[in-house]
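What follows is a short report on a single structure.
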Amino acid sequence: MPTNLPPQARVKFEEYTQAKTPEEKIKKLKEFYALIPKHKGTEKLEKFIRRRIAELRREVERKRTEKGARRLGPFIKKKGAAQVVLLGYTNSGRSTVLKLLTNARVKISPYPFTTSNPFEGAMRIRGTFIQFIESPPLIPQDYSAKPTKIALALARNADAIALVVDGTESPVESVTGIISLLEANGITIGGDSGKVTIRKSRGISSIIISMKGRVLDGTEADIRALLESYGIKQAIVDIEGTVTMEDVEEAIFGEKMRKPILILVTKTDLKEGMEGFLRVKETFPEMRVYPFSPSNPPDKEELGSDILQLLGIIRVFTKPAGRKEPDEKALILERGSTVIDAAGKIHKSFLKSFKYAKIWSDRLPYSPMRVGKDFVLEDGDVIEIRA
Ligand SMILES: Nc1nc2c(ncn2[C@@H]2O[C@H](COP(=O)(O)OP(=O)(O)OP(=O)(O)O)[C@@H](O)[C@H]2O)c(=O)[nH]1
Ligand SMILES: [Mg+2]
């Protein structure tokens, strides 16, 4: 440890070494981190703290899921581009949603507690599919009940959460109730496709903020101040979609804990249900809310691409040189991926031999367009690599 630490920092480090639980250790480490002076001599220390916090976070997460997995039955292995868990109270229509979106042969009944074990289905969309899981119901009267625990474990493991609420049964209260239950259990939900990326770089002289979205509860000055409080003075901060200051702070530690969420309001074929849907939409303008009924289910392609967008995922269609049509199966990439990222995914050897790529897309002034390796791809692009 560097010898020039201020006394408060030393006290904090002491508290950290005494801490018993990983949660407490994380807290102390964060406080300690904020107290240490940031300069060349403390770089290693900073790195160590960040790595340690990340490890501790994984430990907390592992403990949670392991507990869940051991006691609460099987986990459902991820398949497809994304795993989305359907969460809701009993009789809210989870099975009906699953059946209509995925053709899973699940039992639907007017009686409560029909689904007691997780049930999965795949929703095909262009180039890939999305895996939906019906969780056992959340029990509002008893949140410590076994089905609720299984549901929470599934939610932690999923990429996104779809709340299924009955439009005829106080849907606004259901949404609020479920969200606070999730938050109370350490699952922070995000309203939109927010993503914060912080790249520290010595090559620049200040903090550069690239704002491609918005911060709900802060300004660019707040972001700068937050980064500086952690001793970060040279960095590029990318903000995409809607994020909060907490997401920015999370990104400083290199982790993203937020679960994207969407809301399906069922029984909108009934007048009351439709009224319920409108109330939910009005109450949660930041969220994606869809009306649902068997006679008028959401369009799968649209819902699917909304989910991918929410998760910051894009589909890129590769076309081997000389072939007319691109592959039907999409390459699944993170938003912001470039041509060379895609090339490397197709084949490692392209990383070295890459010459240029051709892109077909309606968004371009003409197609195909010849581009270099740093060209940023978008959902639906067709790409041909020349090496
Ligand atoms: N009118 C109407 N009825 C629906 C709709 N969705 C579900 N239902 C009915 O609501 C009841 C419960 O539906 P399920 O899909 O089994 O509900 P669930 O959430 O899976 O319920 P459990 O698994 O038992 O907890 C059934 O009688 C369905 O037919 C809808 O959009 N409109
Ligand atoms: Mg069910």
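Every chain in the structure tokens has a letter given in the order shown (A, B, ...), and although residue numbers restart at 1 in each chain, ligands are simply numbered from 1 in the order shown.
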Closest contacts (chain A/ligand 1, max 9 Å, only C-alpha atoms and all ligand atoms) as a Markdown table:
| residue | atom | partner | partner_atom_place_in_ligand_line | distance |
| --- | --- | --- | --- | --- |
| A:Leu86 | CA | ligand 1 | 19 (O) | 9.0 |
| A:Leu87 | CA | ligand 1 | 19 (O) | 8.5 |
| A:Gly88 | CA | ligand 1 | 19 (O) | 6.5 |
| A:Tyr89 | CA | ligand 1 | 19 (O) | 6.3 |
| A:Thr90 | CA | ligand 1 | 25 (O) | 3.2 |
| A:Asn91 | CA | ligand 1 | 21 (O) | 3.4 |
| A:Ser92 | CA | ligand 1 | 19 (O) | 4.0 |
| A:Gly93 | CA | ligand 1 | 17 (O) | 3.3 |
| A:Arg94 | CA | ligand 1 | 19 (O) | 3.7 |
| A:Ser95 | CA | ligand 1 | 20 (O) | 3.6 |
| A:Thr96 | CA | ligand 1 | 15 (O) | 3.7 |
| A:Val97 | CA | ligand 1 | 15 (O) | 6.5 |
| A:Leu98 | CA | ligand 1 | 15 (O) | 7.9 |
| A:Lys99 | CA | ligand 1 | 15 (O) | 8.2 |
| A:Val106 | CA | ligand 1 | 20 (O) | 8.5 |
| A:Lys107 | CA | ligand 1 | 16 (O) | 6.5 |
| A:Ile108 | CA | ligand 1 | 16 (O) | 3.6 |
| A:Ser109 | CA | ligand 1 | 16 (O) | 4.3 |
| A:Pro110 | CA | ligand 1 | 27 (O) | 3.3 |
| A:Tyr111 | CA | ligand 1 | 24 (O) | 5.9 |
| A:Pro112 | CA | ligand 1 | 24 (O) | 4.1 |
| A:Phe113 | CA | ligand 1 | 24 (O) | 3.7 |
| A:Thr114 | CA | ligand 1 | 24 (O) | 3.5 |
| A:Thr115 | CA | ligand 1 | 23 (O) | 3.6 |
| A:Ser116 | CA | ligand 1 | 23 (O) | 6.8 |
| A:Glu134 | CA | ligand 1 | 20 (O) | 7.5 |
| A:Ser135 | CA | ligand 1 | 23 (O) | 8.2 |
| A:Pro136 | CA | ligand 1 | 25 (O) | 6.5 |
| A:Pro137 | CA | ligand 1 | 25 (O) | 5.1 |
| A:Leu138 | CA | ligand 1 | 25 (O) | 8.3 |
| A:Val164 | CA | ligand 1 | 19 (O) | 7.6 |
| A:Val165 | CA | ligand 1 | 19 (O) | 8.5 |
| A:Asp166 | CA | ligand 1 | 6 (N) | 7.7 |
| A:Gly167 | CA | ligand 1 | 31 (O) | 8.6 |
| A:Val265 | CA | ligand 1 | 31 (O) | 8.2 |
| A:Thr266 | CA | ligand 1 | 31 (O) | 4.5 |
| A:Lys267 | CA | ligand 1 | 31 (O) | 3.3 |
| A:Thr268 | CA | ligand 1 | 31 (O) | 5.9 |
| A:Asp269 | CA | ligand 1 | 32 (N) | 5.7 |
| A:Leu270 | CA | ligand 1 | 1 (N) | 6.1 |
| A:Gly273 | CA | ligand 1 | 32 (N) | 8.1 |
| A:Pro291 | CA | ligand 1 | 31 (O) | 8.7 |
| A:Phe292 | CA | ligand 1 | 31 (O) | 5.6 |
| A:Ser293 | CA | ligand 1 | 31 (O) | 3.3 |
| A:Pro294 | CA | ligand 1 | 31 (O) | 5.3 |
| A:Ser295 | CA | ligand 1 | 31 (O) | 7.7 |
| A:Asn296 | CA | ligand 1 | 31 (O) | 8.4 |
| A:Pro297 | CA | ligand 1 | 31 (O) | 8.3 |
Find the residues near A:Arg370: any atom within 8 Å, counting only C-alpha atoms, skip ones fewer than 5 places away on the same chain, and give them as a list of chain:residue names. A:Tyr356, A:Ala357, A:Lys358, A:Ile359
Any chance you can output those residues with all heavy atoms as a tab-separated table (two decimals), in the first residue's frame?
chain	number	residue	atom	x	y	z
A	356	TYR	N	-11.31	-5.15	-46.67
A	356	TYR	CA	-12.43	-4.21	-46.58
A	356	TYR	C	-13.72	-5.01	-46.49
A	356	TYR	O	-13.70	-6.25	-46.57
A	356	TYR	CB	-12.44	-3.24	-47.77
A	356	TYR	CG	-12.73	-3.89	-49.11
A	356	TYR	CD1	-14.03	-3.97	-49.61
A	356	TYR	CD2	-11.70	-4.42	-49.87
A	356	TYR	CE1	-14.29	-4.56	-50.83
A	356	TYR	CE2	-11.95	-5.02	-51.10
A	356	TYR	CZ	-13.26	-5.09	-51.58
A	356	TYR	OH	-13.51	-5.68	-52.78
A	357	ALA	N	-14.83	-4.32	-46.30
A	357	ALA	CA	-16.12	-5.02	-46.26
A	357	ALA	C	-17.13	-4.29	-47.12
A	357	ALA	O	-16.97	-3.10	-47.40
A	357	ALA	CB	-16.62	-5.10	-44.82
A	358	LYS	N	-18.14	-5.03	-47.56
A	358	LYS	CA	-19.24	-4.41	-48.28
A	358	LYS	C	-20.47	-4.52	-47.39
A	358	LYS	O	-20.73	-5.58	-46.79
A	358	LYS	CB	-19.50	-5.16	-49.57
A	358	LYS	CG	-18.45	-4.92	-50.64
A	358	LYS	CD	-19.07	-5.33	-51.96
A	358	LYS	CE	-18.19	-6.03	-52.90
A	358	LYS	NZ	-18.94	-6.65	-53.99
A	359	ILE	N	-21.23	-3.42	-47.30
A	359	ILE	CA	-22.42	-3.41	-46.46
A	359	ILE	C	-23.65	-3.10	-47.31
A	359	ILE	O	-23.64	-2.18	-48.12
A	359	ILE	CB	-22.32	-2.31	-45.37
A	359	ILE	CG1	-21.04	-2.44	-44.55
A	359	ILE	CG2	-23.56	-2.33	-44.46
A	359	ILE	CD1	-21.03	-3.55	-43.54
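Comparing A:Lys352, A:Arg52, A:Arg105, A:Arg214 by their smallest distance to ligand 2, the closest is A:Arg105 (using only C-alpha atoms and all ligand atoms).
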Those of stretch 284-345 of chain A in DSSP helix (DSSP H, G or I), formatted as a PDB file with all heavy atoms, in the first residue's frame:
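Result saved to states.pdb:
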ATOM      1  N   LYS A 300     -44.671 -10.359 -33.290  1.00  0.00           N
ATOM      2  CA  LYS A 300     -43.441 -10.987 -32.774  1.00  0.00           C
ATOM      3  C   LYS A 300     -42.176 -10.284 -33.252  1.00  0.00           C
ATOM      4  O   LYS A 300     -41.241 -10.086 -32.481  1.00  0.00           O
ATOM      5  CB  LYS A 300     -43.382 -12.453 -33.201  1.00  0.00           C
ATOM      6  CG  LYS A 300     -44.429 -13.301 -32.518  1.00  0.00           C
ATOM      7  CD  LYS A 300     -44.298 -14.740 -32.972  1.00  0.00           C
ATOM      8  CE  LYS A 300     -45.543 -15.517 -32.573  1.00  0.00           C
ATOM      9  NZ  LYS A 300     -45.522 -16.885 -33.045  1.00  0.00           N
ATOM     10  N   GLU A 301     -42.166  -9.960 -34.543  1.00  0.00           N
ATOM     11  CA  GLU A 301     -40.986  -9.292 -35.107  1.00  0.00           C
ATOM     12  C   GLU A 301     -40.717  -7.972 -34.374  1.00  0.00           C
ATOM     13  O   GLU A 301     -39.586  -7.680 -34.004  1.00  0.00           O
ATOM     14  CB  GLU A 301     -41.268  -8.964 -36.560  1.00  0.00           C
ATOM     15  CG  GLU A 301     -40.487  -9.627 -37.684  1.00  0.00           C
ATOM     16  CD  GLU A 301     -39.401 -10.611 -37.398  1.00  0.00           C
ATOM     17  OE1 GLU A 301     -38.318 -10.155 -37.004  1.00  0.00           O
ATOM     18  OE2 GLU A 301     -39.589 -11.815 -37.609  1.00  0.00           O
ATOM     19  N   GLU A 302     -41.796  -7.213 -34.156  1.00  0.00           N
ATOM     20  CA  GLU A 302     -41.645  -5.906 -33.497  1.00  0.00           C
ATOM     21  C   GLU A 302     -41.217  -6.069 -32.044  1.00  0.00           C
ATOM     22  O   GLU A 302     -40.290  -5.404 -31.578  1.00  0.00           O
ATOM     23  CB  GLU A 302     -42.978  -5.159 -33.510  1.00  0.00           C
ATOM     24  CG  GLU A 302     -43.067  -4.082 -34.574  1.00  0.00           C
ATOM     25  CD  GLU A 302     -44.481  -3.543 -34.664  1.00  0.00           C
ATOM     26  OE1 GLU A 302     -45.027  -3.129 -33.621  1.00  0.00           O
ATOM     27  OE2 GLU A 302     -45.052  -3.580 -35.781  1.00  0.00           O
ATOM     28  N   LEU A 303     -41.921  -6.970 -31.351  1.00  0.00           N
ATOM     29  CA  LEU A 303     -41.592  -7.208 -29.953  1.00  0.00           C
ATOM     30  C   LEU A 303     -40.151  -7.683 -29.837  1.00  0.00           C
ATOM     31  O   LEU A 303     -39.379  -7.214 -28.997  1.00  0.00           O
ATOM     32  CB  LEU A 303     -42.554  -8.254 -29.375  1.00  0.00           C
ATOM     33  CG  LEU A 303     -42.355  -8.621 -27.914  1.00  0.00           C
ATOM     34  CD1 LEU A 303     -42.668  -7.431 -27.018  1.00  0.00           C
ATOM     35  CD2 LEU A 303     -43.240  -9.809 -27.515  1.00  0.00           C
ATOM     36  N   GLY A 304     -39.780  -8.591 -30.726  1.00  0.00           N
ATOM     37  CA  GLY A 304     -38.424  -9.136 -30.724  1.00  0.00           C
ATOM     38  C   GLY A 304     -37.385  -8.065 -30.945  1.00  0.00           C
ATOM     39  O   GLY A 304     -36.385  -7.992 -30.225  1.00  0.00           O
ATOM     40  N   SER A 305     -37.618  -7.195 -31.915  1.00  0.00           N
ATOM     41  CA  SER A 305     -36.570  -6.202 -32.159  1.00  0.00           C
ATOM     42  C   SER A 305     -36.552  -5.161 -31.043  1.00  0.00           C
ATOM     43  O   SER A 305     -35.494  -4.619 -30.710  1.00  0.00           O
ATOM     44  CB  SER A 305     -36.654  -5.588 -33.562  1.00  0.00           C
ATOM     45  OG  SER A 305     -37.783  -4.803 -33.683  1.00  0.00           O
ATOM     46  N   ASP A 306     -37.715  -4.909 -30.415  1.00  0.00           N
ATOM     47  CA  ASP A 306     -37.719  -4.035 -29.224  1.00  0.00           C
ATOM     48  C   ASP A 306     -36.863  -4.640 -28.114  1.00  0.00           C
ATOM     49  O   ASP A 306     -36.106  -3.948 -27.442  1.00  0.00           O
ATOM     50  CB  ASP A 306     -39.143  -3.875 -28.667  1.00  0.00           C
ATOM     51  CG  ASP A 306     -39.958  -2.864 -29.464  1.00  0.00           C
ATOM     52  OD1 ASP A 306     -39.423  -2.327 -30.463  1.00  0.00           O
ATOM     53  OD2 ASP A 306     -41.122  -2.632 -29.098  1.00  0.00           O
ATOM     54  N   ILE A 307     -36.999  -5.950 -27.919  1.00  0.00           N
ATOM     55  CA  ILE A 307     -36.248  -6.605 -26.845  1.00  0.00           C
ATOM     56  C   ILE A 307     -34.749  -6.524 -27.125  1.00  0.00           C
ATOM     57  O   ILE A 307     -33.951  -6.187 -26.245  1.00  0.00           O
ATOM     58  CB  ILE A 307     -36.697  -8.075 -26.671  1.00  0.00           C
ATOM     59  CG1 ILE A 307     -38.119  -8.096 -26.086  1.00  0.00           C
ATOM     60  CG2 ILE A 307     -35.742  -8.850 -25.760  1.00  0.00           C
ATOM     61  CD1 ILE A 307     -38.789  -9.459 -26.108  1.00  0.00           C
ATOM     62  N   LEU A 308     -34.375  -6.787 -28.376  1.00  0.00           N
ATOM     63  CA  LEU A 308     -32.956  -6.722 -28.724  1.00  0.00           C
ATOM     64  C   LEU A 308     -32.429  -5.303 -28.507  1.00  0.00           C
ATOM     65  O   LEU A 308     -31.325  -5.105 -27.991  1.00  0.00           O
ATOM     66  CB  LEU A 308     -32.725  -7.163 -30.169  1.00  0.00           C
ATOM     67  CG  LEU A 308     -33.066  -8.623 -30.473  1.00  0.00           C
ATOM     68  CD1 LEU A 308     -32.668  -8.972 -31.895  1.00  0.00           C
ATOM     69  CD2 LEU A 308     -32.384  -9.578 -29.492  1.00  0.00           C
ATOM     70  N   GLN A 309     -33.252  -4.334 -28.882  1.00  0.00           N
ATOM     71  CA  GLN A 309     -32.834  -2.937 -28.712  1.00  0.00           C
ATOM     72  C   GLN A 309     -32.644  -2.616 -27.230  1.00  0.00           C
ATOM     73  O   GLN A 309     -31.672  -1.982 -26.830  1.00  0.00           O
ATOM     74  CB  GLN A 309     -33.900  -2.042 -29.307  1.00  0.00           C
ATOM     75  CG  GLN A 309     -33.350  -0.735 -29.818  1.00  0.00           C
ATOM     76  CD  GLN A 309     -34.471   0.206 -30.203  1.00  0.00           C
ATOM     77  OE1 GLN A 309     -35.607  -0.205 -30.421  1.00  0.00           O
ATOM     78  NE2 GLN A 309     -34.157   1.478 -30.261  1.00  0.00           N
ATOM     79  N   LEU A 310     -33.607  -3.087 -26.436  1.00  0.00           N
ATOM     80  CA  LEU A 310     -33.549  -2.883 -24.993  1.00  0.00           C
ATOM     81  C   LEU A 310     -32.254  -3.459 -24.413  1.00  0.00           C
ATOM     82  O   LEU A 310     -31.681  -2.929 -23.474  1.00  0.00           O
ATOM     83  CB  LEU A 310     -34.747  -3.621 -24.394  1.00  0.00           C
ATOM     84  CG  LEU A 310     -35.412  -3.169 -23.128  1.00  0.00           C
ATOM     85  CD1 LEU A 310     -35.795  -1.715 -23.202  1.00  0.00           C
ATOM     86  CD2 LEU A 310     -36.668  -4.004 -22.876  1.00  0.00           C
ATOM     87  N   VAL A 339     -17.194  -3.403 -38.011  1.00  0.00           N
ATOM     88  CA  VAL A 339     -16.969  -4.410 -39.041  1.00  0.00           C
ATOM     89  C   VAL A 339     -15.901  -5.421 -38.607  1.00  0.00           C
ATOM     90  O   VAL A 339     -16.074  -6.629 -38.785  1.00  0.00           O
ATOM     91  CB  VAL A 339     -16.581  -3.689 -40.359  1.00  0.00           C
ATOM     92  CG1 VAL A 339     -15.889  -4.641 -41.314  1.00  0.00           C
ATOM     93  CG2 VAL A 339     -17.818  -3.086 -41.002  1.00  0.00           C
ATOM     94  N   ILE A 340     -14.859  -4.935 -37.964  1.00  0.00           N
ATOM     95  CA  ILE A 340     -13.790  -5.864 -37.586  1.00  0.00           C
ATOM     96  C   ILE A 340     -14.237  -6.779 -36.442  1.00  0.00           C
ATOM     97  O   ILE A 340     -13.830  -7.944 -36.364  1.00  0.00           O
ATOM     98  CB  ILE A 340     -12.450  -5.136 -37.268  1.00  0.00           C
ATOM     99  CG1 ILE A 340     -11.258  -6.102 -37.285  1.00  0.00           C
ATOM    100  CG2 ILE A 340     -12.516  -4.401 -35.949  1.00  0.00           C
ATOM    101  CD1 ILE A 340     -10.861  -6.584 -38.655  1.00  0.00           C
ATOM    102  N   ASP A 341     -15.129  -6.270 -35.564  1.00  0.00           N
ATOM    103  CA  ASP A 341     -15.692  -7.141 -34.517  1.00  0.00           C
ATOM    104  C   ASP A 341     -16.443  -8.292 -35.159  1.00  0.00           C
ATOM    105  O   ASP A 341     -16.330  -9.455 -34.749  1.00  0.00           O
ATOM    106  CB  ASP A 341     -16.665  -6.370 -33.618  1.00  0.00           C
ATOM    107  CG  ASP A 341     -15.991  -5.258 -32.833  1.00  0.00           C
ATOM    108  OD1 ASP A 341     -14.801  -5.409 -32.514  1.00  0.00           O
ATOM    109  OD2 ASP A 341     -16.648  -4.232 -32.538  1.00  0.00           O
ATOM    110  N   ALA A 342     -17.250  -7.953 -36.176  1.00  0.00           N
ATOM    111  CA  ALA A 342     -18.025  -8.984 -36.871  1.00  0.00           C
ATOM    112  C   ALA A 342     -17.081  -9.953 -37.585  1.00  0.00           C
ATOM    113  O   ALA A 342     -17.249 -11.175 -37.495  1.00  0.00           O
ATOM    114  CB  ALA A 342     -18.983  -8.337 -37.871  1.00  0.00           C
ATOM    115  N   ALA A 343     -16.073  -9.405 -38.252  1.00  0.00           N
ATOM    116  CA  ALA A 343     -15.130 -10.245 -38.995  1.00  0.00           C
ATOM    117  C   ALA A 343     -14.469 -11.260 -38.070  1.00  0.00           C
ATOM    118  O   ALA A 343     -14.383 -12.453 -38.380  1.00  0.00           O
ATOM    119  CB  ALA A 343     -14.083  -9.371 -39.673  1.00  0.00           C
ATOM    120  N   GLY A 344     -14.045 -10.783 -36.898  1.00  0.00           N
ATOM    121  CA  GLY A 344     -13.387 -11.654 -35.933  1.00  0.00           C
ATOM    122  C   GLY A 344     -14.299 -12.762 -35.435  1.00  0.00           C
ATOM    123  O   GLY A 344     -13.862 -13.856 -35.101  1.00  0.00           O
ATOM    124  N   LYS A 345     -15.610 -12.457 -35.367  1.00  0.00           N
ATOM    125  CA  LYS A 345     -16.579 -13.463 -34.918  1.00  0.00           C
ATOM    126  C   LYS A 345     -16.816 -14.520 -35.986  1.00  0.00           C
ATOM    127  O   LYS A 345     -17.107 -15.670 -35.673  1.00  0.00           O
ATOM    128  CB  LYS A 345     -17.907 -12.783 -34.572  1.00  0.00           C
ATOM    129  CG  LYS A 345     -17.943 -12.228 -33.167  1.00  0.00           C
ATOM    130  CD  LYS A 345     -19.236 -12.649 -32.506  1.00  0.00           C
ATOM    131  CE  LYS A 345     -19.203 -12.375 -31.024  1.00  0.00           C
ATOM    132  NZ  LYS A 345     -20.518 -12.658 -30.413  1.00  0.00           N
TER     133      LYS A 345
END
Run DSSP on the backbone and tell me which residues of stretch 112-301 of chain A come out as strand (DSSP E or B); list them as a PyMOL selection string. chain A and resi 119-125+128-134+138+160-166+189-190+195-200+207-215+235-243+259-266+288-291
9 Å contact set for A:Pro140, only C-alpha atoms, chain neighbours under 3 positions out, as a PyMOL selection string: chain A and resi 89+143+148+174+177-178
Which residue is closest to ligand 2? Choose from A:Ser229, A:Ser206, A:Thr42, A:Asn117 and count only C-alpha atoms and all ligand atoms.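 Going through A:Ser229, A:Ser206, A:Thr42, A:Asn117 one by one, the smallest distance to ligand 2 is for A:Asn117.
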Skipping near chain neighbours, those fewer than 2 positions away, what residues fall within 6 Å of stretch 11-16 of chain A using only C-alpha atoms, listed as an mmCIF file with C-alpha atoms, in the first residue's frame?
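Written file, result-v3.cif:
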data_model
loop_
_atom_site.group_PDB
_atom_site.id
_atom_site.type_symbol
_atom_site.label_atom_id
_atom_site.label_comp_id
_atom_site.auth_asym_id
_atom_site.auth_seq_id
_atom_site.Cartn_x
_atom_site.Cartn_y
_atom_site.Cartn_z
ATOM 1 C CA GLN A 8 -9.303 8.723 6.843
ATOM 2 C CA ALA A 9 -8.422 6.332 4.038
ATOM 3 C CA GLN A 18 -12.628 -6.235 9.365
ATOM 4 C CA ALA A 19 -15.744 -6.575 7.243
ATOM 5 C CA LYS A 25 -16.668 -5.393 2.054
ATOM 6 C CA LYS A 28 -16.090 -0.294 2.663
ATOM 7 C CA PHE A 32 -11.962 3.643 0.761
#
From A:Ile133, A:Ala34, A:Ala122, A:Met287, residue lying nearest ligand 2 [only C-alpha atoms and all ligand atoms]: A:Ile133
Point-to-point distance from atom CA of A:Pro285 to atom CA of A:Asp159, Å rounded to tenths: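 Result for atom CA of A:Pro285 versus atom CA of A:Asp159: 22.0 Å, one decimal.
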Give me the residues within 9 Å of A:Glu378 as JSON, numbers by chain, counting only C-alpha atoms and dropping any in the same chain fewer than 4 places off. {"A": [314, 315, 316, 335, 336, 337, 338, 361]}
Write out, as a compact mmCIF listing (two decimals), in the first residue's frame, the residues just selected, with N, CA and C atoms.
# COMPACT_ATOMS: atom_id res chain seq x y z
N ILE A 314 -27.56 -6.32 -31.60
CA ILE A 314 -27.93 -6.17 -33.00
C ILE A 314 -27.73 -7.49 -33.76
N ARG A 315 -28.48 -7.62 -34.86
CA ARG A 315 -28.35 -8.80 -35.73
C ARG A 315 -27.68 -8.36 -37.03
N VAL A 316 -26.64 -9.05 -37.39
CA VAL A 316 -25.95 -8.74 -38.62
C VAL A 316 -25.94 -10.00 -39.48
N ARG A 335 -24.45 -3.72 -29.53
CA ARG A 335 -24.59 -2.46 -30.23
C ARG A 335 -23.25 -1.71 -30.18
N GLY A 336 -22.91 -1.04 -31.28
CA GLY A 336 -21.64 -0.33 -31.30
C GLY A 336 -20.53 -1.17 -31.91
N SER A 337 -20.83 -2.44 -32.19
CA SER A 337 -19.80 -3.31 -32.80
C SER A 337 -19.44 -2.81 -34.19
N THR A 338 -18.19 -3.02 -34.54
CA THR A 338 -17.71 -2.55 -35.84
C THR A 338 -17.52 -3.74 -36.79
N SER A 361 -27.58 -2.01 -46.76
CA SER A 361 -28.59 -1.57 -45.79
C SER A 361 -29.39 -0.41 -46.37
Compare A:Arg51, A:Leu29, A:Glu275, A:Asp299 by their minimum atom-to-atom distance to A:Thr102, counting only C-alpha atoms, and give me the closest one.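 Of all the options, A:Asp299 lies closest to A:Thr102.
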Atom CA of A:Lys195 and atom CA of A:Met245, how far apart in Å? 11.3 Å
Restricting the calculation to only C-alpha atoms and all ligand atoms: of A:Arg64, A:Pro118, A:Leu181, A:Arg10, which residue gets closest to ligand 2?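 The shortest atom-to-atom distance to ligand 2 comes from A:Pro118.
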Close residues, A:Ile26 itself excluded, 9 Å, only C-alpha atoms, min 3 positions apart in chain, as a ChimeraX atom specification: /A:16,21-23,29-31,52-54,56-57
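In this structure, atom CA of A:Ile383 sits 4.9 Å away from atom CA of A:Thr318.
Comparing A:Ser180, A:Asn185, A:Thr128, A:Ser205 by their smallest distance to A:Glu328, the closest is A:Thr128 (using only C-alpha atoms).
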